[in-house]
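Dropping my_file_8.cif in here (mmCIF, C-alpha atoms):
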```cif
data_model
loop_
_atom_site.group_PDB
_atom_site.id
_atom_site.type_symbol
_atom_site.label_atom_id
_atom_site.label_comp_id
_atom_site.auth_asym_id
_atom_site.auth_seq_id
_atom_site.Cartn_x
_atom_site.Cartn_y
_atom_site.Cartn_z
ATOM 1 C CA MET A 1 86.518 42.701 146.965
ATOM 2 C CA THR A 2 89.982 44.142 146.251
ATOM 3 C CA ALA A 3 90.548 44.394 142.500
ATOM 4 C CA ILE A 4 93.979 46.067 142.594
ATOM 5 C CA LEU A 5 96.619 45.640 145.293
ATOM 6 C CA VAL A 6 99.943 47.458 145.413
ATOM 7 C CA ASP A 7 102.090 46.808 148.481
ATOM 8 C CA GLY A 8 105.616 48.168 148.876
ATOM 9 C CA LEU A 9 106.166 48.564 145.119
ATOM 10 C CA ARG A 10 109.650 49.622 144.058
ATOM 11 C CA LYS A 11 110.862 50.164 140.509
ATOM 12 C CA HIS A 12 114.287 51.392 139.411
ATOM 13 C CA TYR A 13 115.705 52.322 136.026
ATOM 14 C CA GLY A 14 119.444 52.107 136.568
ATOM 15 C CA ASP A 15 120.248 54.306 139.554
ATOM 16 C CA PHE A 16 116.959 56.205 139.259
ATOM 17 C CA ALA A 17 114.202 55.185 141.700
ATOM 18 C CA ALA A 18 111.016 55.792 139.690
ATOM 19 C CA VAL A 19 108.729 54.253 142.344
ATOM 20 C CA ARG A 20 109.676 53.920 146.002
ATOM 21 C CA ASP A 21 107.672 51.789 148.432
ATOM 22 C CA VAL A 22 104.244 52.648 147.004
ATOM 23 C CA SER A 23 101.171 51.008 148.529
ATOM 24 C CA PHE A 24 97.443 51.357 147.824
ATOM 25 C CA ASP A 25 94.425 49.219 146.957
ATOM 26 C CA VAL A 26 91.357 49.670 144.789
ATOM 27 C CA SER A 27 88.018 47.953 145.351
ATOM 28 C CA GLN A 28 85.882 46.391 142.639
ATOM 29 C CA GLY A 29 83.757 49.009 140.877
ATOM 30 C CA GLU A 30 85.726 51.893 142.374
ATOM 31 C CA VAL A 31 87.261 54.831 140.520
ATOM 32 C CA PHE A 32 90.662 55.544 142.083
ATOM 33 C CA ALA A 33 92.789 58.543 141.083
ATOM 34 C CA LEU A 34 96.582 58.422 141.087
ATOM 35 C CA LEU A 35 97.821 61.998 141.008
ATOM 36 C CA GLY A 36 101.135 63.805 140.850
ATOM 37 C CA ARG A 37 103.363 66.070 138.833
ATOM 38 C CA ASN A 38 105.251 64.923 135.735
ATOM 39 C CA GLY A 39 107.869 62.399 136.779
ATOM 40 C CA ALA A 40 106.102 61.529 140.037
ATOM 41 C CA GLY A 41 105.955 57.817 139.148
ATOM 42 C CA LYS A 42 102.311 57.480 138.134
ATOM 43 C CA THR A 43 102.850 56.056 134.651
ATOM 44 C CA THR A 44 105.544 53.663 135.881
ATOM 45 C CA THR A 45 103.105 52.351 138.492
ATOM 46 C CA LEU A 46 100.467 51.811 135.799
ATOM 47 C CA GLU A 47 102.975 50.041 133.555
ATOM 48 C CA VAL A 48 103.826 47.601 136.362
ATOM 49 C CA LEU A 49 100.140 46.970 137.055
ATOM 50 C CA ALA A 50 99.500 46.335 133.363
ATOM 51 C CA GLY A 51 102.391 43.874 133.181
ATOM 52 C CA PHE A 52 104.562 45.989 130.880
ATOM 53 C CA ALA A 53 107.304 46.177 133.515
ATOM 54 C CA ALA A 54 108.257 43.883 136.379
ATOM 55 C CA PRO A 55 108.545 45.290 139.903
ATOM 56 C CA ASP A 56 111.953 45.292 141.584
ATOM 57 C CA ALA A 57 110.324 44.728 144.979
ATOM 58 C CA GLY A 58 106.899 44.567 146.563
ATOM 59 C CA THR A 59 103.628 42.851 145.729
ATOM 60 C CA VAL A 60 101.346 43.792 142.838
ATOM 61 C CA ARG A 61 98.080 41.999 142.129
ATOM 62 C CA VAL A 62 95.283 42.648 139.637
ATOM 63 C CA LEU A 63 92.149 40.579 140.269
ATOM 64 C CA GLY A 64 94.320 38.427 142.533
ATOM 65 C CA LEU A 65 96.805 37.703 139.715
ATOM 66 C CA ASP A 66 100.443 38.622 139.180
ATOM 67 C CA PRO A 67 100.526 40.957 136.124
ATOM 68 C CA VAL A 68 103.879 39.537 135.000
ATOM 69 C CA LYS A 69 103.523 35.823 135.720
ATOM 70 C CA ASP A 70 99.830 35.761 134.750
ATOM 71 C CA ARG A 71 100.144 38.336 131.977
ATOM 72 C CA THR A 72 97.838 36.642 129.477
ATOM 73 C CA GLU A 73 95.005 36.211 131.945
ATOM 74 C CA VAL A 74 95.409 39.728 133.325
ATOM 75 C CA ARG A 75 95.437 41.283 129.841
ATOM 76 C CA ARG A 76 92.260 39.374 129.016
ATOM 77 C CA SER A 77 90.471 41.081 131.922
ATOM 78 C CA CYS A 78 91.942 44.581 131.602
ATOM 79 C CA GLY A 79 91.562 47.563 129.322
ATOM 80 C CA ILE A 80 94.521 49.918 128.993
ATOM 81 C CA MET A 81 94.645 53.492 127.756
ATOM 82 C CA LEU A 82 98.222 54.760 127.848
ATOM 83 C CA GLN A 83 99.355 58.317 127.129
ATOM 84 C CA GLU A 84 100.424 57.402 123.621
ATOM 85 C CA ALA A 85 99.146 54.685 121.321
ATOM 86 C CA GLY A 86 100.303 53.662 117.872
ATOM 87 C CA PHE A 87 97.722 53.807 115.095
ATOM 88 C CA PHE A 88 97.941 53.139 111.377
ATOM 89 C CA PRO A 89 97.341 56.670 110.049
ATOM 90 C CA ASP A 90 95.703 55.634 106.786
ATOM 91 C CA LEU A 91 93.088 53.368 108.362
ATOM 92 C CA THR A 92 89.720 54.894 109.156
ATOM 93 C CA VAL A 93 88.405 54.998 112.701
ATOM 94 C CA ALA A 94 86.006 52.133 111.935
ATOM 95 C CA GLN A 95 88.765 50.043 110.328
ATOM 96 C CA THR A 96 91.004 50.629 113.349
ATOM 97 C CA VAL A 97 88.322 49.373 115.730
ATOM 98 C CA ASP A 98 87.579 46.383 113.490
ATOM 99 C CA ALA A 99 91.276 45.457 113.377
ATOM 100 C CA TRP A 100 91.521 45.709 117.176
ATOM 101 C CA ARG A 101 88.415 43.582 117.655
ATOM 102 C CA ASP A 102 90.235 40.661 116.030
ATOM 103 C CA PHE A 103 92.560 40.530 119.043
ATOM 104 C CA VAL A 104 89.788 40.619 121.676
ATOM 105 C CA ALA A 105 87.615 37.765 122.889
ATOM 106 C CA ALA A 106 83.895 38.620 122.811
ATOM 107 C CA PRO A 107 84.440 42.294 121.937
ATOM 108 C CA ARG A 108 81.790 44.969 121.971
ATOM 109 C CA PRO A 109 80.207 45.682 118.589
ATOM 110 C CA ARG A 110 82.132 48.328 116.699
ATOM 111 C CA ASP A 111 79.218 50.771 116.617
ATOM 112 C CA GLU A 112 78.700 50.452 120.375
ATOM 113 C CA ALA A 113 82.350 51.224 121.104
ATOM 114 C CA LEU A 114 82.326 54.210 118.755
ATOM 115 C CA GLU A 115 79.128 55.567 120.275
ATOM 116 C CA MET A 116 80.491 55.247 123.809
ATOM 117 C CA ALA A 117 83.630 57.140 122.782
ATOM 118 C CA GLY A 118 81.666 59.791 120.885
ATOM 119 C CA LEU A 119 83.194 58.859 117.528
ATOM 120 C CA THR A 120 80.199 57.672 115.533
ATOM 121 C CA ALA A 121 80.392 60.681 113.223
ATOM 122 C CA LYS A 122 84.106 60.026 112.639
ATOM 123 C CA ALA A 123 83.776 56.349 111.678
ATOM 124 C CA GLY A 124 84.829 56.981 108.077
ATOM 125 C CA THR A 125 87.602 59.469 108.913
ATOM 126 C CA LYS A 126 91.227 58.430 108.534
ATOM 127 C CA VAL A 127 93.187 58.410 111.776
ATOM 128 C CA ARG A 128 95.730 60.917 110.470
ATOM 129 C CA GLN A 129 92.895 63.433 110.053
ATOM 130 C CA LEU A 130 91.807 63.224 113.693
ATOM 131 C CA SER A 131 92.590 65.907 116.241
ATOM 132 C CA GLY A 132 94.591 65.041 119.341
ATOM 133 C CA GLY A 133 91.434 64.862 121.428
ATOM 134 C CA GLU A 134 89.720 62.617 118.869
ATOM 135 C CA LYS A 135 92.692 60.250 118.938
ATOM 136 C CA ARG A 136 92.325 60.049 122.730
ATOM 137 C CA ARG A 137 88.676 59.101 122.227
ATOM 138 C CA LEU A 138 89.787 56.391 119.807
ATOM 139 C CA ASP A 139 92.199 55.171 122.501
ATOM 140 C CA LEU A 140 89.223 54.969 124.843
ATOM 141 C CA ALA A 141 87.125 53.032 122.325
ATOM 142 C CA LEU A 142 89.893 50.434 122.007
ATOM 143 C CA ALA A 143 90.426 50.233 125.773
ATOM 144 C CA ILE A 144 86.786 49.372 126.444
ATOM 145 C CA LEU A 145 86.330 46.945 123.529
ATOM 146 C CA SER A 146 86.934 43.888 125.720
ATOM 147 C CA ARG A 147 84.350 44.875 128.369
ATOM 148 C CA PRO A 148 87.204 44.944 130.920
ATOM 149 C CA ASP A 149 86.852 44.170 134.609
ATOM 150 C CA VAL A 150 89.715 46.599 135.291
ATOM 151 C CA LEU A 151 90.399 49.727 133.255
ATOM 152 C CA PHE A 152 93.703 51.615 133.412
ATOM 153 C CA LEU A 153 93.404 55.193 132.139
ATOM 154 C CA ASP A 154 96.572 57.277 131.859
ATOM 155 C CA GLU A 155 95.623 60.934 131.252
ATOM 156 C CA PRO A 156 92.479 59.889 129.336
ATOM 157 C CA THR A 157 91.075 63.331 128.448
ATOM 158 C CA THR A 158 94.245 65.179 127.432
ATOM 159 C CA GLY A 159 93.529 67.297 124.341
ATOM 160 C CA MET A 160 89.755 66.837 124.509
ATOM 161 C CA ASP A 161 87.388 69.781 124.313
ATOM 162 C CA PRO A 162 85.129 70.384 127.343
ATOM 163 C CA GLU A 163 82.141 68.546 125.847
ATOM 164 C CA ALA A 164 84.187 65.470 124.943
ATOM 165 C CA ARG A 165 85.773 65.521 128.398
ATOM 166 C CA ARG A 166 82.370 65.544 130.105
ATOM 167 C CA ASN A 167 81.141 62.726 127.830
ATOM 168 C CA THR A 168 84.221 60.690 128.745
ATOM 169 C CA TRP A 169 83.481 61.276 132.425
ATOM 170 C CA ASP A 170 79.981 59.899 131.844
ATOM 171 C CA VAL A 171 81.441 56.777 130.201
ATOM 172 C CA ILE A 172 83.789 56.218 133.144
ATOM 173 C CA ARG A 173 80.966 56.653 135.647
ATOM 174 C CA ASP A 174 78.727 54.254 133.714
ATOM 175 C CA LEU A 175 81.458 51.607 133.532
ATOM 176 C CA ALA A 176 82.144 51.896 137.261
ATOM 177 C CA GLY A 177 78.420 51.636 137.922
ATOM 178 C CA GLN A 178 78.449 48.334 136.023
ATOM 179 C CA GLY A 179 81.269 47.011 138.227
ATOM 180 C CA THR A 180 84.380 47.973 136.248
ATOM 181 C CA THR A 181 87.305 49.026 138.437
ATOM 182 C CA VAL A 182 89.002 52.176 137.126
ATOM 183 C CA LEU A 183 92.506 53.362 137.983
ATOM 184 C CA LEU A 184 92.905 56.868 136.629
ATOM 185 C CA THR A 185 95.855 59.234 136.329
ATOM 186 C CA THR A 186 95.114 62.816 135.377
ATOM 187 C CA HIS A 187 96.520 66.329 135.517
ATOM 188 C CA TYR A 188 92.974 67.701 135.590
ATOM 189 C CA LEU A 189 92.278 67.901 139.313
ATOM 190 C CA GLU A 190 88.607 68.703 138.712
ATOM 191 C CA GLU A 191 88.411 65.422 136.784
ATOM 192 C CA ALA A 192 89.779 63.456 139.722
ATOM 193 C CA GLN A 193 87.506 65.247 142.165
ATOM 194 C CA ARG A 194 84.406 64.558 140.065
ATOM 195 C CA LEU A 195 85.148 60.913 139.301
ATOM 196 C CA ALA A 196 87.176 59.310 142.086
ATOM 197 C CA SER A 197 86.002 58.166 145.491
ATOM 198 C CA ARG A 198 89.585 57.756 146.719
ATOM 199 C CA MET A 199 92.982 58.964 145.610
ATOM 200 C CA ALA A 200 96.720 58.878 146.202
ATOM 201 C CA ILE A 201 99.106 61.712 145.414
ATOM 202 C CA MET A 202 102.635 60.750 144.330
ATOM 203 C CA ASP A 203 105.757 62.873 144.368
ATOM 204 C CA HIS A 204 109.326 61.787 143.587
ATOM 205 C CA GLY A 205 108.174 58.173 143.370
ATOM 206 C CA GLU A 206 106.406 58.107 146.729
ATOM 207 C CA VAL A 207 102.816 58.385 147.930
ATOM 208 C CA VAL A 208 102.716 61.636 149.895
ATOM 209 C CA ALA A 209 98.978 61.642 150.612
ATOM 210 C CA SER A 210 96.124 59.177 150.303
ATOM 211 C CA GLY A 211 92.564 58.676 151.436
ATOM 212 C CA GLY A 212 88.899 59.078 150.579
ATOM 213 C CA MET A 213 88.266 62.087 148.366
ATOM 214 C CA ALA A 214 85.382 63.590 150.354
ATOM 215 C CA GLU A 215 86.942 62.925 153.758
ATOM 216 C CA THR A 216 90.315 64.285 152.668
ATOM 217 C CA LEU A 217 88.891 67.531 151.329
ATOM 218 C CA ALA A 218 86.626 67.971 154.361
ATOM 219 C CA ALA A 219 89.719 67.905 156.548
ATOM 220 C CA GLN A 220 91.459 70.648 154.551
ATOM 221 C CA THR A 221 91.140 74.409 154.907
ATOM 222 C CA GLY A 222 89.015 76.585 152.659
ATOM 223 C CA ARG A 223 89.867 80.014 151.266
ATOM 224 C CA VAL A 224 88.494 83.521 151.705
ATOM 225 C CA ALA A 225 90.097 86.391 149.795
ATOM 226 C CA PHE A 226 89.217 90.016 149.038
ATOM 227 C CA GLU A 227 90.820 93.342 148.177
ATOM 228 C CA LEU A 228 91.558 95.473 151.222
ATOM 229 C CA PRO A 229 89.127 98.431 151.086
ATOM 230 C CA GLY A 230 90.521 101.959 150.850
ATOM 231 C CA ALA A 231 93.242 102.705 153.360
ATOM 232 C CA VAL A 232 92.398 99.754 155.605
ATOM 233 C CA THR A 233 95.451 97.883 156.841
ATOM 234 C CA PRO A 234 95.559 94.134 157.604
ATOM 235 C CA GLU A 235 95.926 94.965 161.306
ATOM 236 C CA GLU A 236 92.478 96.622 161.302
ATOM 237 C CA LEU A 237 90.649 93.504 160.094
ATOM 238 C CA PRO A 238 88.572 91.564 162.643
ATOM 239 C CA LEU A 239 90.421 88.364 161.745
ATOM 240 C CA PRO A 240 94.167 88.239 161.071
ATOM 241 C CA PRO A 241 94.700 87.109 157.452
ATOM 242 C CA SER A 242 96.848 84.088 156.655
ATOM 243 C CA SER A 243 98.691 86.171 154.082
ATOM 244 C CA VAL A 244 98.473 89.460 152.214
ATOM 245 C CA GLU A 245 99.280 89.419 148.505
ATOM 246 C CA GLY A 246 99.632 93.026 147.403
ATOM 247 C CA ARG A 247 96.315 94.514 148.543
ATOM 248 C CA THR A 248 94.559 91.129 148.690
ATOM 249 C CA ALA A 249 93.905 89.585 152.111
ATOM 250 C CA VAL A 250 93.843 85.785 152.040
ATOM 251 C CA TYR A 251 92.456 83.493 154.733
ATOM 252 C CA ARG A 252 93.000 79.737 154.900
ATOM 253 C CA VAL A 253 90.362 78.576 157.390
ATOM 254 C CA ALA A 254 88.425 75.434 158.275
ATOM 255 C CA ASP A 255 85.061 77.249 157.947
ATOM 256 C CA PRO A 256 85.286 79.792 155.114
ATOM 257 C CA ASP A 257 81.562 80.656 155.293
ATOM 258 C CA LEU A 258 81.822 81.666 158.957
ATOM 259 C CA ALA A 259 84.927 83.728 158.271
ATOM 260 C CA ALA A 260 83.227 85.468 155.352
ATOM 261 C CA ARG A 261 80.157 86.340 157.470
ATOM 262 C CA THR A 262 82.382 87.818 160.172
ATOM 263 C CA LEU A 263 84.261 89.918 157.647
ATOM 264 C CA LEU A 264 81.101 91.069 155.849
ATOM 265 C CA ASN A 265 79.453 92.087 159.141
ATOM 266 C CA TRP A 266 82.576 94.041 160.067
ATOM 267 C CA ALA A 267 82.633 95.757 156.670
ATOM 268 C CA GLY A 268 78.887 96.511 156.784
ATOM 269 C CA GLU A 269 79.161 98.202 160.159
ATOM 270 C CA ARG A 270 81.775 100.535 158.674
ATOM 271 C CA GLY A 271 80.078 101.130 155.341
ATOM 272 C CA LEU A 272 82.846 99.315 153.468
ATOM 273 C CA ARG A 273 82.668 96.928 150.518
ATOM 274 C CA LEU A 274 84.887 93.879 150.122
ATOM 275 C CA HIS A 275 85.653 93.959 146.413
ATOM 276 C CA GLY A 276 86.599 90.702 144.696
ATOM 277 C CA LEU A 277 85.352 88.626 147.609
ATOM 278 C CA GLU A 278 86.095 84.934 147.021
ATOM 279 C CA VAL A 279 84.751 82.226 149.318
ATOM 280 C CA ARG A 280 85.338 78.575 148.607
ATOM 281 C CA THR A 281 85.769 75.302 150.367
ATOM 282 C CA ALA A 282 88.960 73.292 149.999
ATOM 283 C CA SER A 283 89.629 71.796 146.588
ATOM 284 C CA LEU A 284 91.878 69.006 145.431
ATOM 285 C CA GLU A 285 94.012 71.654 143.737
ATOM 286 C CA ASP A 286 94.645 73.315 147.108
ATOM 287 C CA LEU A 287 95.692 70.021 148.645
ATOM 288 C CA PHE A 288 97.867 69.105 145.679
ATOM 289 C CA LEU A 289 99.696 72.440 145.666
ATOM 290 C CA ASP A 290 100.196 72.400 149.435
ATOM 291 C CA LEU A 291 101.669 68.906 149.340
ATOM 292 C CA ALA A 292 103.850 69.709 146.346
ATOM 293 C CA ALA A 293 105.209 72.795 148.087
ATOM 294 C CA ASP A 294 105.851 70.792 151.249
ATOM 295 C CA ALA A 295 107.673 68.101 149.271
ATOM 296 C CA ASP A 296 109.859 70.707 147.561
ATOM 297 C CA GLY A 297 110.734 72.201 150.894
ATOM 298 C CA HIS A 298 111.338 68.919 152.683
ATOM 299 C CA PRO A 299 113.068 66.501 150.281
ATOM 300 C CA GLU A 300 114.305 64.462 153.206
ATOM 301 C CA ASN A 301 110.799 63.371 154.133
ATOM 302 C CA GLU A 302 110.443 59.766 152.956
ATOM 303 C CA HIS A 303 107.165 58.952 154.634
ATOM 304 C CA ALA A 304 103.700 59.210 153.155
ATOM 305 C CA LYS A 305 101.242 61.572 154.798
ATOM 306 C CA GLU A 306 97.888 59.959 155.539
ATOM 307 C CA VAL A 307 95.299 62.694 155.249
ATOM 308 C CA ALA A 308 92.100 60.753 155.691
#
```
Produce structure tokens that represent the structure in this file.
Amino acid sequence: MTAILVDGLRKHYGDFAAVRDVSFDVSQGEVFALLGRNGAGKTTTLEVLAGFAAPDAGTVRVLGLDPVKDRTEVRRSCGIMLQEAGFFPDLTVAQTVDAWRDFVAAPRPRDEALEMAGLTAKAGTKVRQLSGGEKRRLDLALAILSRPDVLFLDEPTTGMDPEARRNTWDVIRDLAGQGTTVLLTTHYLEEAQRLASRMAIMDHGEVVASGGMAETLAAQTGRVAFELPGAVTPEELPLPPSSVEGRTAVYRVADPDLAARTLLNWAGERGLRLHGLEVRTASLEDLFLDLAADADGHPENEHAKEVA
């Protein structure tokens, strides 16, 4: 079942095209990552989906409903965690959750929401005394109060320490496992890679890549890099490097393990060591940076690249 549908979405602010012909869909119970640099159009897309802004063109549906025309019903079924939320600074964490519960039908118990967000120990702390990461966890507690069918998370772990970030990942996984659909934006590419089954990368208001996470990364090249030993020149290597950065030879290859074995065998036969040897498969960061560089170099390209 399709929980979120975006087809040909366009959104302008004056003469500025914030979102241009964006299309994607998210299935029920799926975690979908919407990625891109600042200003790529991610937050605007989320705001349209949440019913905060009306589209200028295209079709947007959440649980089969129009987020603008059916705003009340959509809000009843959705949890929203935006980049910034307004809190009353002199209320405690517990009081803030209690106040929010008054606006939600059949909300979770306060203690359950605080435990899920990792804020039980902060229940009696005033909001103004929370760190930035703790305020993000409070945002999360409020977003999940209504037991939403769809959860919009805009940069949910910004400012969190590593432990809190991992705990938040566990909450997102558990919610998806219970059937909640999650649309996530994040600047932490590891976060997207760990959580999402599919993704779309936006740049200048357009989707420049989309597909299944595993399939997309499997189709990308991996990386092998090492410091050139002694007086060895790149021309002497058994495989021509993709680039040489100072004295570091870099290979972008489909099978980095095979390339590394070839290079190590060559070095072993000559009694050489490959210092700083790095071997890794393709990551989402590699794909993101490649696409961003391509977009910077080819601003005239107005078509999305399907990578999986």
Next item on the list: Could you jot down the atom CA of A:Asp154 to atom CA of A:Thr281 separation for me, Å, one decimal place?
Entry: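 For atom CA of A:Asp154 relative to atom CA of A:Thr281, the distance reads 28.0 Å.
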Dump as CSV the rows for residues of stretch 80-168 of chain A within 10 Å of stretch 186-197 of chain A: closest atom pair and distance in Å with one decimal, all atoms listed in the file counted, ordered by chain and rising residue number.
```
residue,atom,partner,partner_atom,distance
A:Leu153,CA,A:Thr186,CA,8.5
A:Asp154,CA,A:Thr186,CA,6.7
A:Glu155,CA,A:Thr186,CA,4.6
A:Pro156,CA,A:Thr186,CA,7.2
A:Thr157,CA,A:Thr186,CA,8.0
A:Thr158,CA,A:Thr186,CA,8.3
A:Arg165,CA,A:Glu191,CA,8.8
A:Arg166,CA,A:Glu191,CA,9.0
```
Checklist line | Evaluate the PyMOL selection byres ((chain A and resi 135) around 10) and report residues as a ChimeraX atom specification | finding: /A:84-85,87,93,119,127-134,136-141,158-160
Next item on the list: One decimal, Å: what's the distance from atom CA of A:Ala225 over to atom CA of A:Leu274, could you say?
Entry: 9.1 Å
Notebook entry, point to check: Of the candidates A:Gly58, A:Gly246, A:Pro229, A:Pro238, which shows the shortest atom-to-atom distance to A:Gly271, using only C-alpha atoms?
Noted result: A:Pro229
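Across A:Ala143, A:Ala105, A:Val232, A:Val31, the tightest approach to A:Gln178 is made by A:Val31 when counting all atoms listed in the file.
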Checklist line | Distance query 12 Å from (96.5, 68.1, 145.0) using all atoms listed in the file, result as a ChimeraX atom specification | finding: /A:33-37,186-193,199-203,207-210,213,216-217,220,282-295,307
Next item on the list: Provide the atom CA of A:Pro55 to atom CA of A:Lys11 distance in Å, to one decimal place.
Entry: 5.4 Å
Next item on the list: Fewer than 3 positions away in the same chain doesn't count, so skip those; otherwise give me all residues within 7 Å of A:Gly222, counting only C-alpha atoms, as a ChimeraX atom specification.
Entry: /A:252-256,280-282
Margin query: Between A:Ala260, A:Ala40, A:Met116, A:Leu228, which residue has the minimum interatomic distance to A:Glu206, considering all atoms listed in the file?
Written below: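 The closest residue to A:Glu206 is A:Ala40.
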Next item on the list: Could you tell me which of A:Gly64, A:Phe16, A:Phe24, A:Asn38 comes closest to A:Arg198 if we count all atoms listed in the file?
Entry: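 Closest residue, counting all atoms listed in the file: A:Phe24.
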Using 4 Å of padding on each side, determine the axis-aligned box around all atoms of stretch 248-267 of chain A present in the file and give its centre and edge lengths in Å to one decimal, as lines of an AutoDock Vina configuration file.
```
center_x = 87.0
center_y = 85.6
center_z = 154.4
size_x = 23.1
size_y = 28.3
size_z = 19.5
```
